[in-house]
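This is structure21.txt (compact mmCIF, N, CA and C atoms).
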# COMPACT_ATOMS: atom_id res chain seq x y z
N MET A 1 -22.31 -110.62 47.00
CA MET A 1 -21.90 -111.27 48.22
C MET A 1 -20.68 -110.54 48.79
N LYS A 2 -20.74 -110.17 50.07
CA LYS A 2 -19.62 -109.47 50.70
C LYS A 2 -18.56 -110.48 51.13
N ARG A 3 -17.30 -110.05 50.95
CA ARG A 3 -16.17 -110.87 51.38
C ARG A 3 -15.20 -110.00 52.16
N MET A 4 -14.48 -110.62 53.10
CA MET A 4 -13.46 -109.92 53.87
C MET A 4 -12.10 -110.40 53.39
N LEU A 5 -11.26 -109.46 52.99
CA LEU A 5 -9.91 -109.76 52.53
C LEU A 5 -8.92 -109.23 53.55
N ILE A 6 -7.99 -110.08 53.97
CA ILE A 6 -7.01 -109.70 54.99
C ILE A 6 -5.62 -109.79 54.39
N ASN A 7 -4.85 -108.71 54.50
CA ASN A 7 -3.47 -108.68 54.03
C ASN A 7 -2.58 -108.43 55.25
N ALA A 8 -1.91 -109.50 55.71
CA ALA A 8 -1.01 -109.39 56.86
C ALA A 8 0.41 -109.77 56.46
N THR A 9 0.77 -109.52 55.20
CA THR A 9 2.09 -109.91 54.72
C THR A 9 3.20 -109.01 55.22
N GLN A 10 2.88 -107.77 55.56
CA GLN A 10 3.88 -106.84 56.07
C GLN A 10 3.78 -106.77 57.59
N PRO A 11 4.90 -106.89 58.31
CA PRO A 11 4.83 -106.86 59.77
C PRO A 11 4.45 -105.50 60.34
N GLU A 12 4.61 -104.43 59.56
CA GLU A 12 4.33 -103.09 60.09
C GLU A 12 2.87 -102.66 59.96
N GLU A 13 2.04 -103.41 59.22
CA GLU A 13 0.63 -103.05 59.15
C GLU A 13 -0.23 -104.24 58.74
N LEU A 14 -1.49 -104.15 59.15
CA LEU A 14 -2.49 -105.16 58.82
C LEU A 14 -3.61 -104.45 58.07
N ARG A 15 -3.96 -104.96 56.90
CA ARG A 15 -5.01 -104.35 56.09
C ARG A 15 -6.19 -105.31 56.00
N VAL A 16 -7.38 -104.78 56.27
CA VAL A 16 -8.60 -105.57 56.18
C VAL A 16 -9.57 -104.81 55.29
N ALA A 17 -10.01 -105.46 54.22
CA ALA A 17 -10.95 -104.84 53.28
C ALA A 17 -12.21 -105.68 53.21
N ILE A 18 -13.34 -105.01 53.11
CA ILE A 18 -14.60 -105.69 52.87
C ILE A 18 -15.06 -105.25 51.49
N VAL A 19 -15.29 -106.24 50.63
CA VAL A 19 -15.69 -105.96 49.25
C VAL A 19 -17.02 -106.62 48.96
N ASP A 20 -17.78 -105.99 48.09
CA ASP A 20 -19.04 -106.53 47.60
C ASP A 20 -18.89 -106.64 46.10
N GLY A 21 -18.59 -107.83 45.63
CA GLY A 21 -18.27 -108.02 44.22
C GLY A 21 -16.95 -107.33 43.92
N GLN A 22 -16.96 -106.35 43.01
CA GLN A 22 -15.76 -105.59 42.65
C GLN A 22 -15.72 -104.23 43.35
N LYS A 23 -16.66 -103.98 44.26
CA LYS A 23 -16.78 -102.67 44.91
C LYS A 23 -16.23 -102.74 46.34
N LEU A 24 -15.35 -101.78 46.67
CA LEU A 24 -14.79 -101.70 48.02
C LEU A 24 -15.84 -101.11 48.95
N PHE A 25 -16.18 -101.85 50.00
CA PHE A 25 -17.20 -101.41 50.96
C PHE A 25 -16.57 -100.74 52.17
N ASN A 26 -15.43 -101.25 52.64
CA ASN A 26 -14.76 -100.71 53.82
C ASN A 26 -13.29 -101.13 53.80
N LEU A 27 -12.41 -100.25 54.28
CA LEU A 27 -10.98 -100.55 54.37
C LEU A 27 -10.46 -100.06 55.70
N ASN A 28 -9.82 -100.95 56.45
CA ASN A 28 -9.19 -100.60 57.72
C ASN A 28 -7.72 -100.96 57.66
N ILE A 29 -6.88 -100.06 58.12
CA ILE A 29 -5.44 -100.32 58.20
C ILE A 29 -5.03 -100.13 59.64
N GLU A 30 -4.48 -101.19 60.24
CA GLU A 30 -4.03 -101.14 61.63
C GLU A 30 -2.51 -101.20 61.66
N ILE A 31 -1.93 -100.37 62.50
CA ILE A 31 -0.48 -100.33 62.66
C ILE A 31 -0.16 -100.71 64.10
N PRO A 32 0.64 -101.78 64.32
CA PRO A 32 0.99 -102.17 65.69
C PRO A 32 1.68 -101.02 66.41
N GLY A 33 1.40 -100.88 67.69
CA GLY A 33 2.00 -99.80 68.46
C GLY A 33 1.21 -98.51 68.41
N ARG A 34 0.25 -98.44 67.54
CA ARG A 34 -0.60 -97.25 67.44
C ARG A 34 -1.99 -97.64 67.94
N GLU A 35 -2.49 -96.91 68.92
CA GLU A 35 -3.78 -97.24 69.51
C GLU A 35 -4.90 -97.00 68.50
N GLN A 36 -5.75 -98.00 68.34
CA GLN A 36 -6.87 -97.87 67.43
C GLN A 36 -8.05 -97.26 68.17
N LYS A 37 -8.57 -96.15 67.67
CA LYS A 37 -9.69 -95.47 68.31
C LYS A 37 -10.98 -95.65 67.52
N LYS A 38 -10.86 -96.10 66.30
CA LYS A 38 -12.04 -96.28 65.47
C LYS A 38 -12.88 -97.44 66.01
N ALA A 39 -14.16 -97.24 66.12
CA ALA A 39 -15.14 -98.23 66.56
C ALA A 39 -15.17 -98.43 68.07
N ASN A 40 -14.30 -97.76 68.82
CA ASN A 40 -14.36 -97.83 70.27
C ASN A 40 -15.50 -96.95 70.77
N ILE A 41 -16.03 -97.27 71.93
CA ILE A 41 -17.12 -96.49 72.52
C ILE A 41 -16.59 -95.80 73.77
N TYR A 42 -16.87 -94.49 73.88
CA TYR A 42 -16.36 -93.67 74.99
C TYR A 42 -17.50 -92.90 75.65
N LYS A 43 -17.33 -92.64 76.94
CA LYS A 43 -18.21 -91.72 77.64
C LYS A 43 -17.48 -90.39 77.66
N GLY A 44 -18.09 -89.38 77.07
CA GLY A 44 -17.43 -88.08 76.97
C GLY A 44 -18.27 -86.97 77.58
N ARG A 45 -17.67 -85.78 77.61
CA ARG A 45 -18.34 -84.60 78.16
C ARG A 45 -18.21 -83.48 77.13
N ILE A 46 -19.32 -82.83 76.81
CA ILE A 46 -19.31 -81.72 75.85
C ILE A 46 -18.55 -80.55 76.47
N THR A 47 -17.51 -80.10 75.77
CA THR A 47 -16.69 -79.00 76.27
C THR A 47 -17.04 -77.68 75.60
N ARG A 48 -17.58 -77.76 74.38
CA ARG A 48 -17.94 -76.54 73.66
C ARG A 48 -19.00 -76.85 72.62
N VAL A 49 -19.98 -75.98 72.50
CA VAL A 49 -20.99 -76.08 71.45
C VAL A 49 -20.70 -74.97 70.47
N GLU A 50 -20.52 -75.33 69.20
CA GLU A 50 -20.15 -74.35 68.17
C GLU A 50 -21.29 -74.21 67.17
N PRO A 51 -22.16 -73.19 67.33
CA PRO A 51 -23.32 -73.04 66.45
C PRO A 51 -22.96 -72.82 64.98
N SER A 52 -21.85 -72.14 64.70
CA SER A 52 -21.48 -71.88 63.31
C SER A 52 -21.14 -73.17 62.56
N LEU A 53 -20.68 -74.18 63.29
CA LEU A 53 -20.36 -75.48 62.68
C LEU A 53 -21.48 -76.49 62.87
N GLU A 54 -22.51 -76.10 63.64
CA GLU A 54 -23.59 -77.01 64.02
C GLU A 54 -22.99 -78.30 64.59
N ALA A 55 -22.12 -78.13 65.59
CA ALA A 55 -21.41 -79.26 66.16
C ALA A 55 -21.01 -78.97 67.60
N ALA A 56 -20.52 -80.01 68.24
CA ALA A 56 -20.01 -79.89 69.60
C ALA A 56 -18.63 -80.53 69.65
N PHE A 57 -17.82 -80.07 70.58
CA PHE A 57 -16.52 -80.68 70.83
C PHE A 57 -16.64 -81.48 72.12
N VAL A 58 -16.11 -82.70 72.10
CA VAL A 58 -16.29 -83.63 73.21
C VAL A 58 -14.94 -84.08 73.74
N ASP A 59 -14.77 -83.99 75.06
CA ASP A 59 -13.59 -84.53 75.73
C ASP A 59 -13.89 -85.99 76.05
N TYR A 60 -13.20 -86.90 75.38
CA TYR A 60 -13.42 -88.33 75.61
C TYR A 60 -12.16 -89.02 76.13
N GLY A 61 -11.19 -88.22 76.59
CA GLY A 61 -10.00 -88.79 77.21
C GLY A 61 -8.75 -88.75 76.35
N ALA A 62 -8.86 -88.35 75.10
CA ALA A 62 -7.69 -88.27 74.22
C ALA A 62 -7.03 -86.89 74.39
N GLU A 63 -5.87 -86.72 73.76
CA GLU A 63 -5.17 -85.43 73.84
C GLU A 63 -6.02 -84.30 73.25
N ARG A 64 -6.65 -84.59 72.12
CA ARG A 64 -7.49 -83.59 71.45
C ARG A 64 -8.95 -83.95 71.64
N HIS A 65 -9.81 -82.96 71.67
CA HIS A 65 -11.23 -83.20 71.81
C HIS A 65 -11.81 -83.67 70.48
N GLY A 66 -12.85 -84.48 70.55
CA GLY A 66 -13.50 -85.00 69.36
C GLY A 66 -14.51 -84.01 68.81
N PHE A 67 -14.74 -84.07 67.51
CA PHE A 67 -15.70 -83.22 66.80
C PHE A 67 -16.96 -84.04 66.58
N LEU A 68 -18.10 -83.54 67.04
CA LEU A 68 -19.35 -84.28 66.94
C LEU A 68 -20.41 -83.42 66.26
N PRO A 69 -20.72 -83.70 64.98
CA PRO A 69 -21.75 -82.93 64.27
C PRO A 69 -23.13 -83.13 64.92
N LEU A 70 -23.91 -82.08 64.96
CA LEU A 70 -25.23 -82.11 65.57
C LEU A 70 -26.11 -83.18 64.94
N LYS A 71 -26.02 -83.36 63.63
CA LYS A 71 -26.88 -84.32 62.95
C LYS A 71 -26.57 -85.77 63.33
N GLU A 72 -25.42 -86.02 63.95
CA GLU A 72 -25.05 -87.38 64.35
C GLU A 72 -25.34 -87.65 65.83
N ILE A 73 -25.99 -86.71 66.50
CA ILE A 73 -26.29 -86.86 67.92
C ILE A 73 -27.74 -87.31 68.07
N SER A 74 -27.96 -88.34 68.85
CA SER A 74 -29.31 -88.83 69.11
C SER A 74 -30.13 -87.74 69.79
N ARG A 75 -31.38 -87.59 69.37
CA ARG A 75 -32.27 -86.57 69.95
C ARG A 75 -32.50 -86.81 71.44
N SER A 76 -32.24 -88.01 71.91
CA SER A 76 -32.44 -88.30 73.34
C SER A 76 -31.49 -87.48 74.22
N TYR A 77 -30.39 -86.98 73.64
CA TYR A 77 -29.45 -86.14 74.38
C TYR A 77 -29.86 -84.67 74.38
N PHE A 78 -30.78 -84.28 73.52
CA PHE A 78 -31.20 -82.89 73.42
C PHE A 78 -32.01 -82.47 74.65
N THR A 79 -31.98 -81.18 74.94
CA THR A 79 -32.81 -80.64 76.01
C THR A 79 -34.27 -80.80 75.63
N ASN A 80 -35.16 -80.75 76.61
CA ASN A 80 -36.60 -80.93 76.34
C ASN A 80 -37.12 -79.93 75.32
N LYS A 81 -36.69 -78.68 75.43
CA LYS A 81 -37.14 -77.63 74.50
C LYS A 81 -36.76 -77.98 73.06
N ALA A 82 -35.52 -78.41 72.85
CA ALA A 82 -35.05 -78.75 71.50
C ALA A 82 -35.70 -80.04 71.00
N ARG A 83 -35.92 -80.99 71.90
CA ARG A 83 -36.52 -82.28 71.52
C ARG A 83 -37.95 -82.09 71.03
N GLU A 84 -38.67 -81.15 71.62
CA GLU A 84 -40.07 -80.91 71.24
C GLU A 84 -40.20 -80.08 69.97
N SER A 85 -39.12 -79.45 69.54
CA SER A 85 -39.12 -78.63 68.34
C SER A 85 -39.26 -79.51 67.11
N SER A 86 -40.16 -79.14 66.20
CA SER A 86 -40.35 -79.93 64.99
C SER A 86 -39.50 -79.42 63.83
N GLY A 87 -39.01 -78.20 63.95
CA GLY A 87 -38.20 -77.61 62.88
C GLY A 87 -36.72 -77.85 63.09
N ARG A 88 -35.94 -76.96 62.54
CA ARG A 88 -34.49 -77.04 62.64
C ARG A 88 -34.05 -76.79 64.09
N VAL A 89 -33.11 -77.60 64.56
CA VAL A 89 -32.67 -77.52 65.95
C VAL A 89 -31.47 -76.60 66.07
N ASN A 90 -31.52 -75.68 67.03
CA ASN A 90 -30.40 -74.80 67.33
C ASN A 90 -29.45 -75.56 68.25
N SER A 91 -28.19 -75.67 67.86
CA SER A 91 -27.23 -76.47 68.63
C SER A 91 -27.04 -75.95 70.05
N GLN A 92 -27.11 -74.63 70.25
CA GLN A 92 -26.92 -74.09 71.59
C GLN A 92 -28.13 -74.36 72.49
N GLU A 93 -29.29 -74.52 71.89
CA GLU A 93 -30.48 -74.87 72.67
C GLU A 93 -30.53 -76.37 72.93
N ALA A 94 -29.99 -77.16 72.02
CA ALA A 94 -30.09 -78.61 72.11
C ALA A 94 -29.10 -79.22 73.09
N LEU A 95 -27.90 -78.66 73.17
CA LEU A 95 -26.83 -79.24 73.99
C LEU A 95 -26.27 -78.21 74.95
N LYS A 96 -25.73 -78.70 76.03
CA LYS A 96 -25.13 -77.82 77.04
C LYS A 96 -23.71 -78.27 77.34
N GLU A 97 -22.82 -77.32 77.58
CA GLU A 97 -21.46 -77.65 77.99
C GLU A 97 -21.51 -78.39 79.31
N GLY A 98 -20.68 -79.41 79.43
CA GLY A 98 -20.65 -80.23 80.64
C GLY A 98 -21.56 -81.44 80.56
N GLN A 99 -22.41 -81.50 79.54
CA GLN A 99 -23.34 -82.61 79.37
C GLN A 99 -22.57 -83.87 78.98
N GLU A 100 -22.92 -85.01 79.57
CA GLU A 100 -22.26 -86.27 79.25
C GLU A 100 -22.95 -86.93 78.06
N VAL A 101 -22.14 -87.53 77.18
CA VAL A 101 -22.65 -88.23 76.00
C VAL A 101 -21.84 -89.50 75.79
N ILE A 102 -22.44 -90.47 75.13
CA ILE A 102 -21.74 -91.68 74.72
C ILE A 102 -21.42 -91.51 73.24
N VAL A 103 -20.14 -91.67 72.88
CA VAL A 103 -19.71 -91.47 71.49
C VAL A 103 -18.93 -92.68 70.99
N GLN A 104 -18.91 -92.82 69.68
CA GLN A 104 -18.14 -93.90 69.06
C GLN A 104 -17.24 -93.32 68.02

Represent the structure contained in this file as structure tokens.
Amino acid sequence: MKRMLINATQPEELRVAIVDGQKLFNLNIEIPGREQKKANIYKGRITRVEPSLEAAFVDYGAERHGFLPLKEISRSYFTNKARESSGRVNSQEALKEGQEVIVQ
């Protein structure tokens, strides 16, 4: 049975853990005054496709661009040629710079 444990005893941080029996399932630490970006959803634009990393870099409004591995991108964003391919997908064929994506 999963349980949520909340530790808010310290004013400088809030800790939330999800445990399943004796096993830690998830741990989040929030610090007031620091913007939380985890689990937020953004509309971004691909700024660079890096075939050697099999990934793309996405501008989603933060100071630094986000790193998005090809394997975590829905095939619905791929070009028609890459979507129809049954084998390994080439990142430069699948994605284009300037393409808009929804990221989390």

(Q) Applying 8 Å and only N, CA and C atoms, which residues near Met4 (chain A) remain after dropping the ones on its own chain fewer than 6 positions away? List them as a PyMOL selection string. (A) chain A and resi 16-20

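Among the residues of region 9-88 of chain A, backbone DSSP assigns helix (DSSP H, G or I) to Leu70, Lys71, Glu72, Arg75, Ser76, Tyr77, Asn80, Lys81, Ala82, Arg83 and Glu84 of chain A.
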
Q: For atom N of Met1 (chain A) and atom N of Gln22 (chain A), determine how far apart the two atoms are, in Å to one decimal place.
A: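 Rounded to one decimal, the two atoms are 7.9 Å apart.
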
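Atom N of Tyr60 (chain A) sits 18.3 Å away from atom C of Ser76 (chain A).
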
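Between atom C of Val58 (chain A) and atom C of Tyr42 (chain A) the interatomic distance comes to 9.4 Å.
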
Q | Option closest in space to Asn40 (chain A), from A:Gln104, A:Ser52, A:Thr9, A:Gln92 [counting only C-alpha atoms] | A |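 The closest residue to Asn40 (chain A) is A:Gln104.
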
(Q) Write out as an MDAnalysis selection string the set of residues from region 11-87 of chain A that DSSP, computed on the backbone, places in strand (DSSP E or B). (A) chainID A and resid 14:20 23:30 42:50 55:59 66:69

Q) Neighbours of Lys43 (chain A) within 9 Å (only C-alpha atoms; same-chain residues fewer than 3 positions away dropped), as a list in words? A) Asp59, Tyr60, Gly61, Glu100, Val101, Ile102, Val103 and Gln104 of chain A
